[in-house]
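Raw input-v9.pdb, PDB, C-alpha atoms and all ligand atoms:
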```
ATOM      1  CA  MET H  13      14.899 -25.933  -4.540
ATOM      2  CA  GLY H  14      12.686 -23.188  -3.080
ATOM      3  CA  LYS H  15      12.423 -22.607   0.663
ATOM      4  CA  LEU H  16       9.982 -25.020   2.292
ATOM      5  CA  LYS H  17       6.878 -23.528   3.805
ATOM      6  CA  GLU H  18       5.832 -24.513   7.328
ATOM      7  CA  PHE H  19       2.644 -26.178   6.103
ATOM      8  CA  ASP H  20       1.977 -27.373   2.610
ATOM      9  CA  ILE H  21      -1.628 -26.231   2.393
ATOM     10  CA  PRO H  22      -3.387 -27.030  -0.872
ATOM     11  CA  SER H  23      -4.039 -23.576  -2.262
ATOM     12  CA  ASP H  24      -7.262 -24.267  -4.097
ATOM     13  CA  SER H  25      -9.254 -21.216  -5.081
ATOM     14  CA  VAL H  26     -11.712 -20.231  -2.358
ATOM     15  CA  SER H  27     -13.149 -17.010  -3.782
ATOM     16  CA  GLU H  28     -13.034 -14.896  -6.917
ATOM     17  CA  PHE H  29     -11.675 -12.057  -4.807
ATOM     18  CA  SER H  30      -8.652 -14.107  -3.723
ATOM     19  CA  ASP H  31      -8.124 -15.066  -7.380
ATOM     20  CA  LEU H  32      -8.158 -11.376  -8.332
ATOM     21  CA  VAL H  33      -5.487 -10.556  -5.741
ATOM     22  CA  LYS H  34      -3.402 -13.467  -7.014
ATOM     23  CA  GLU H  35      -3.783 -12.275 -10.580
ATOM     24  CA  LEU H  36      -2.646  -8.747  -9.680
ATOM     25  CA  HIS H  37       0.342  -9.511  -7.481
ATOM     26  CA  ASP H  38       0.813 -13.257  -7.606
ATOM     27  CA  VAL H  39       0.109 -13.701  -3.875
ATOM     28  CA  ASP H  40      -1.815 -16.753  -2.775
ATOM     29  CA  VAL H  41      -3.829 -15.755   0.295
ATOM     30  CA  ASN H  42      -5.144 -19.320   0.522
ATOM     31  CA  LEU H  43      -1.788 -20.369   1.981
ATOM     32  CA  CYS H  44      -2.446 -18.350   5.134
ATOM     33  CA  TYR H  45      -3.236 -20.477   8.193
ATOM     34  CA  GLN H  46      -4.016 -17.562  10.547
ATOM     35  CA  CYS H  47      -0.984 -17.795  12.830
ATOM     36  CA  ARG H  48      -1.153 -13.995  13.372
ATOM     37  CA  LYS H  49       2.610 -13.482  13.208
ATOM     38  CA  CYS H  50       2.017 -10.704  10.674
ATOM     39  CA  THR H  51      -0.370  -8.827  12.942
ATOM     40  CA  SER H  52       1.811  -9.139  16.031
ATOM     41  CA  GLY H  53       4.664  -7.463  14.137
ATOM     42  CA  CYS H  54       2.673  -4.768  12.343
ATOM     43  CA  PRO H  55       3.362  -1.298  13.817
ATOM     44  CA  LEU H  56       0.059   0.186  12.597
ATOM     45  CA  THR H  57      -2.575  -2.192  13.959
ATOM     46  CA  ASP H  58      -3.762   0.357  16.570
ATOM     47  CA  PHE H  59      -5.027   2.528  13.734
ATOM     48  CA  MET H  60      -6.474  -0.233  11.545
ATOM     49  CA  ASP H  61     -10.113  -1.236  11.763
ATOM     50  CA  TYR H  62      -9.204  -4.824  10.839
ATOM     51  CA  THR H  63      -5.839  -6.455  11.543
ATOM     52  CA  PRO H  64      -3.723  -7.730   8.637
ATOM     53  CA  THR H  65      -4.617 -11.304   9.680
ATOM     54  CA  GLN H  66      -8.336 -10.514   9.577
ATOM     55  CA  ILE H  67      -7.970  -8.814   6.209
ATOM     56  CA  ILE H  68      -6.190 -11.728   4.581
ATOM     57  CA  HIS H  69      -8.851 -14.096   5.916
ATOM     58  CA  ALA H  70     -11.622 -11.828   4.635
ATOM     59  CA  VAL H  71      -9.980 -11.717   1.187
ATOM     60  CA  ARG H  72      -9.831 -15.479   1.241
ATOM     61  CA  LEU H  73     -13.531 -15.696   2.059
ATOM     62  CA  GLY H  74     -14.402 -13.228  -0.679
ATOM     63  CA  LEU H  75     -15.726 -10.476   1.646
ATOM     64  CA  LYS H  76     -14.909  -7.841  -0.932
ATOM     65  CA  ASP H  77     -17.090  -4.985   0.387
ATOM     66  CA  LEU H  78     -15.814  -5.346   3.923
ATOM     67  CA  VAL H  79     -12.190  -5.438   2.800
ATOM     68  CA  LEU H  80     -12.300  -2.602   0.259
ATOM     69  CA  ASN H  81     -14.169  -0.350   2.693
ATOM     70  CA  SER H  82     -11.711  -0.935   5.525
ATOM     71  CA  ASN H  83      -8.858   1.427   6.349
ATOM     72  CA  THR H  84      -6.267  -1.319   6.867
ATOM     73  CA  PHE H  85      -4.518  -1.167   3.504
ATOM     74  CA  TRP H  86      -4.529   2.662   3.501
ATOM     75  CA  TYR H  87      -2.727   2.722   6.848
ATOM     76  CA  CYS H  88      -0.156   0.162   5.673
ATOM     77  CA  ILE H  89       3.226   1.884   5.381
ATOM     78  CA  ALA H  90       4.739  -0.979   3.373
ATOM     79  CA  CYS H  91       7.386  -1.673   6.034
ATOM     80  CA  GLY H  92       7.380  -5.352   5.015
ATOM     81  CA  THR H  93       7.469  -6.715   8.594
ATOM     82  CA  CYS H  94       4.429  -8.920   7.939
ATOM     83  CA  SER H  95       5.976 -10.452   4.834
ATOM     84  CA  THR H  96       9.249 -11.132   6.635
ATOM     85  CA  ARG H  97       7.501 -12.827   9.555
ATOM     86  CA  CYS H  98       5.087 -14.964   7.560
ATOM     87  CA  PRO H  99       6.022 -18.666   7.759
ATOM     88  CA  GLN H 100       3.951 -19.304   4.627
ATOM     89  CA  GLU H 101       5.712 -16.593   2.616
ATOM     90  CA  THR H 102       2.354 -14.973   1.955
ATOM     91  CA  SER H 103       3.355 -11.461   1.020
ATOM     92  CA  LEU H 104       0.800  -9.373   2.893
ATOM     93  CA  LEU H 105       2.618  -6.281   1.754
ATOM     94  CA  LYS H 106       1.668  -7.156  -1.820
ATOM     95  CA  VAL H 107      -1.892  -7.972  -0.731
ATOM     96  CA  MET H 108      -2.214  -4.463   0.762
ATOM     97  CA  ASP H 109      -0.908  -2.973  -2.450
ATOM     98  CA  ALA H 110      -3.339  -5.011  -4.541
ATOM     99  CA  LEU H 111      -6.252  -3.907  -2.339
ATOM    100  CA  SER H 112      -5.533  -0.189  -2.714
ATOM    101  CA  ASN H 113      -5.245  -0.681  -6.490
ATOM    102  CA  ILE H 114      -8.553  -2.560  -6.668
ATOM    103  CA  ALA H 115     -10.294   0.001  -4.433
ATOM    104  CA  LEU H 116      -9.110   2.919  -6.581
ATOM    105  CA  LYS H 117     -10.017   1.147  -9.820
ATOM    106  CA  GLU H 118     -13.499   0.350  -8.516
ATOM    107  CA  GLY H 119     -14.034   3.974  -7.438
ATOM    108  CA  ILE H 120     -14.391   3.134  -3.749
ATOM    109  CA  LYS H 121     -14.040   6.178  -1.517
ATOM    110  CA  PRO H 122     -10.845   5.681   0.525
ATOM    111  CA  LYS H 123     -11.491   5.189   4.235
ATOM    112  CA  ALA H 124      -8.373   7.275   4.930
ATOM    113  CA  PRO H 125      -8.762  10.021   2.277
ATOM    114  CA  ASP H 126      -5.718  12.092   3.301
ATOM    115  CA  ILE H 127      -3.447   9.062   2.995
ATOM    116  CA  ALA H 128      -4.912   8.175  -0.400
ATOM    117  CA  LYS H 129      -4.296  11.766  -1.540
ATOM    118  CA  PHE H 130      -0.727  11.593  -0.261
ATOM    119  CA  TYR H 131      -0.088   8.509  -2.422
ATOM    120  CA  GLN H 132      -1.620  10.113  -5.507
ATOM    121  CA  ILE H 133       0.301  13.385  -5.078
ATOM    122  CA  GLY H 134       3.518  11.521  -4.241
ATOM    123  CA  LEU H 135       3.272   9.356  -7.363
ATOM    124  CA  ALA H 136       2.515  12.337  -9.627
ATOM    125  CA  ASN H 137       5.521  14.061  -8.068
ATOM    126  CA  ILE H 138       7.868  11.141  -8.698
ATOM    127  CA  SER H 139       6.563  10.874 -12.248
ATOM    128  CA  SER H 140       7.442  14.553 -12.873
ATOM    129  CA  PHE H 141      10.752  14.896 -11.029
ATOM    130  CA  GLY H 142      12.026  11.315 -10.883
ATOM    131  CA  ARG H 143      12.051  11.553  -7.099
ATOM    132  CA  MET H 144       9.946  12.965  -4.299
ATOM    133  CA  TYR H 145       9.977  16.778  -3.981
ATOM    134  CA  ASP H 146       9.009  16.878  -0.298
ATOM    135  CA  LEU H 147       8.071  20.544  -0.069
ATOM    136  CA  GLY H 148       5.936  20.304  -3.215
ATOM    137  CA  VAL H 149       4.132  17.216  -1.905
ATOM    138  CA  ALA H 150       3.503  18.884   1.477
ATOM    139  CA  GLY H 151       2.180  22.034  -0.224
ATOM    140  CA  MET H 152      -0.138  20.138  -2.583
ATOM    141  CA  LEU H 153      -1.380  17.971   0.255
ATOM    142  CA  LYS H 154      -2.173  21.020   2.367
ATOM    143  CA  LEU H 155      -4.050  22.649  -0.490
ATOM    144  CA  GLN H 156      -6.059  19.539  -1.279
ATOM    145  CA  THR H 157      -6.903  18.586   2.310
ATOM    146  CA  GLY H 158      -7.364  22.117   3.676
ATOM    147  CA  ASN H 159      -5.084  21.313   6.646
ATOM    148  CA  LEU H 160      -3.078  24.473   6.034
ATOM    149  CA  THR H 161      -1.502  24.912   9.460
ATOM    150  CA  GLN H 162      -1.071  21.272  10.469
ATOM    151  CA  ASP H 163       2.633  20.458  11.152
ATOM    152  CA  LEU H 164       3.608  23.973  10.030
ATOM    153  CA  ALA H 165       6.028  24.480  12.951
ATOM    154  CA  THR H 166       7.774  21.174  12.172
ATOM    155  CA  GLY H 167       7.981  22.080   8.479
ATOM    156  CA  LEU H 168       9.534  25.474   9.228
ATOM    157  CA  LYS H 169      12.038  23.874  11.596
ATOM    158  CA  MET H 170      13.034  21.380   8.890
ATOM    159  CA  LEU H 171      13.402  24.195   6.358
ATOM    160  CA  ARG H 172      15.662  26.154   8.738
ATOM    161  CA  LYS H 173      17.827  23.067   9.283
ATOM    162  CA  GLY H 174      18.085  22.466   5.545
ATOM    163  CA  LYS H 175      16.181  19.167   5.742
ATOM    164  CA  LEU H 176      13.659  20.327   3.122
ATOM    165  CA  GLY H 177      14.822  21.573  -0.260
ATOM    166  CA  LEU H 178      13.119  24.741  -1.499
ATOM    167  CA  LEU H 179      13.355  23.657  -5.141
ATOM    168  CA  PRO H 180      12.872  20.217  -6.703
ATOM    169  CA  SER H 181      15.881  18.279  -7.918
ATOM    170  CA  PHE H 182      15.486  16.117 -10.989
ATOM    171  CA  GLN H 183      16.739  12.558 -11.094
ATOM    172  CA  ASN H 184      16.257   9.777 -13.674
ATOM    173  CA  THR H 185      13.156  11.519 -14.991
ATOM    174  CA  ALA H 186      13.266   9.789 -18.384
ATOM    175  CA  THR H 187      13.501   6.342 -16.743
ATOM    176  CA  MET H 188      10.686   7.155 -14.343
ATOM    177  CA  LYS H 189       8.437   8.378 -17.144
ATOM    178  CA  ARG H 190       9.110   5.148 -19.033
ATOM    179  CA  ILE H 191       8.199   3.085 -15.943
ATOM    180  CA  PHE H 192       4.976   5.026 -15.372
ATOM    181  CA  LYS H 193       4.051   4.659 -19.055
ATOM    182  CA  ARG H 194       4.641   0.921 -18.943
ATOM    183  CA  VAL H 195       2.506   0.546 -15.810
ATOM    184  CA  LYS H 196      -0.335   2.520 -17.429
ATOM    185  CA  GLU H 197      -0.167   0.298 -20.506
ATOM    186  CA  ARG H 198      -0.250  -2.838 -18.360
ATOM    187  CA  GLU H 199      -3.222  -1.502 -16.422
ATOM    188  CA  LYS H 200      -5.185  -1.151 -19.654
ATOM    189  CA  VAL H 201      -4.793  -4.862 -20.445
TER
HETATM  190  S1  LIG H 301       1.887 -14.536   9.174
HETATM  191 FE1  LIG H 301       1.273 -15.418   7.202
HETATM  192  S2  LIG H 301       0.265 -17.363   7.692
HETATM  193 FE2  LIG H 301       0.379 -16.158   9.593
HETATM  194  S3  LIG H 301      -1.589 -15.058   9.665
HETATM  195 FE3  LIG H 301      -0.142 -13.694   8.690
HETATM  196  S4  LIG H 301      -0.367 -14.091   6.490
HETATM  197 FE4  LIG H 301      -1.322 -15.794   7.577
HETATM  198  S1  LIG H 302       3.729  -3.866   5.476
HETATM  199 FE1  LIG H 302       1.812  -2.894   6.168
HETATM  200  S2  LIG H 302       0.563  -4.551   6.994
HETATM  201 FE2  LIG H 302       2.665  -5.287   6.846
HETATM  202  S3  LIG H 302       3.560  -4.928   8.864
HETATM  203 FE3  LIG H 302       4.060  -3.147   7.604
HETATM  204  S4  LIG H 302       2.401  -1.682   7.956
HETATM  205 FE4  LIG H 302       1.688  -3.675   8.717
END
```
Could you show the structure in this file as structure tokens?
Ligand code: SF4
Ligand code: SF4
Amino acid sequence: MGKLKEFDIPSDSVSEFSDLVKELHDVDVNLCYQCRKCTSGCPLTDFMDYTPTQIIHAVRLGLKDLVLNSNTFWYCIACGTCSTRCPQETSLLKVMDALSNIALKEGIKPKAPDIAKFYQIGLANISSFGRMYDLGVAGMLKLQTGNLTQDLATGLKMLRKGKLGLLPSFQNTATMKRIFKRVKEREKV
């Protein structure tokens, strides 16, 4: 038998937007009863324009424009604290992931463009090398954002201490390519 949830809320569909999130990541936002345990544990709320609790409620109500034009899901670092704390087992982490996917697919300009670029460069990097090539990602990010000197001192210090590899190392590249191909195929459906 599955773990019992704190409240057995009937999870009837409330909006098409909440149905879309469910379809993408099988998360039922309608189970949320706004206890705010997710928000009180989230380490990034100071930077978010809407808290995770507000975002899940807005998804439920179908406030698509407000949600997709917020910075909340871009600032999410996928630490999973919200999902662990949720008494309703509503995986907010997956909701955040679904929102960034929907926003990108719908061509919505990311509210945190540097973070969105980091994700895109990071994923392309993993697809090529099978793992993250930190120096390559940092270099590409600097070129694309124009922040050429930002964190340069820290980067040089890390290089001197051997914490950043000069060259990429390849790992499970064939498997990674297969995974990326499968995801692309699924996205077409
Ligand atoms: S912890 Fe779960 S039930 Fe509580 S507000 Fe967050 S998502 Fe909703
Ligand atoms: S997974 Fe994202 S939304 Fe959830 S606690 Fe971590 S940073 Fe906050």
Problem - Within 12 Å of ligand LIG 302 (chain H), counting all atoms listed in the file, residues as a ChimeraX atom specification - result: /H:48-60,62-68,83-98,102-109,111-112
Handout entry: Output of the PyMOL selection byres (((chain H and resi 189) around 12) and not hetatm), listed as a ChimeraX atom specification
Key = /H:135-143,183-188,190-196
Exercise for the section: To one decimal in Å, tell me the separation between CA of Glu35 (chain H) and CA of Phe130 (chain H). Expected result: 26.2 Å
Practice task
Go ahead and compute the interatomic distance for CA of Leu160 (chain H) and CA of Gly177 (chain H), in Å to one decimal.
Solution key: 19.2 Å
Problem - For Leu164 (chain H): contacts at 12 Å, only C-alpha atoms, fewer than 4 positions along chain excluded, given as a list of chain:residue names - result: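 Final neighbour list, sorted by chain and number: H:Leu147, H:Ala150, H:Gly151, H:Lys154, H:Asn159, H:Leu160, H:Leu168, H:Lys169, H:Met170, H:Leu171.
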Handout entry: CA of Tyr45 (chain H) to CA of Leu116 (chain H), straight-line distance in Å
Key =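 That distance, rounded to one decimal, is 28.3 Å.
Of the residues under consideration (H:Gln100, H:Ser30, H:Gln132, H:Thr166), H:Gln100 shows the shortest atom-to-atom contact distance to ligand LIG 301 (chain H) when counting only C-alpha atoms and all ligand atoms.
Among the candidates H:Leu178, H:Leu32, H:Met152, H:Val71, the one nearest to Cys44 (chain H) when counting all atoms listed in the file is H:Val71.
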Grab all the atoms of ligand LIG 301 (chain H) that the file lists, wrap them in a box along x, y and z, add 3 Å per side, and give me centre plus edge lengths in Å (one decimal) as AutoDock Vina command-line options.
```
--center_x 0.1 --center_y -15.5 --center_z 8.1 --size_x 9.5 --size_y 9.7 --size_z 9.2
```
Handout entry: Residue among H:Pro125, H:Asp146, H:Lys173, H:Ala70 lying closest to ligand LIG 301 (chain H), counting only C-alpha atoms and all ligand atoms
Key =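 So, comparing all the options, the nearest one is H:Ala70.
Among the candidates H:Asp77, H:Glu101, H:Glu197, H:Asp126, the one nearest to ligand LIG 301 (chain H) when counting all atoms listed in the file is H:Glu101.
All protein and nucleic acid residues in the vicinity of (-20.8, -1.3, 1.5), that is within 12 Å when counting all atoms listed in the file, are Leu75, Lys76, Asp77, Leu78, Val79, Leu80, Asn81, Ser82, Ile120, Lys121 and Lys123 of chain H.
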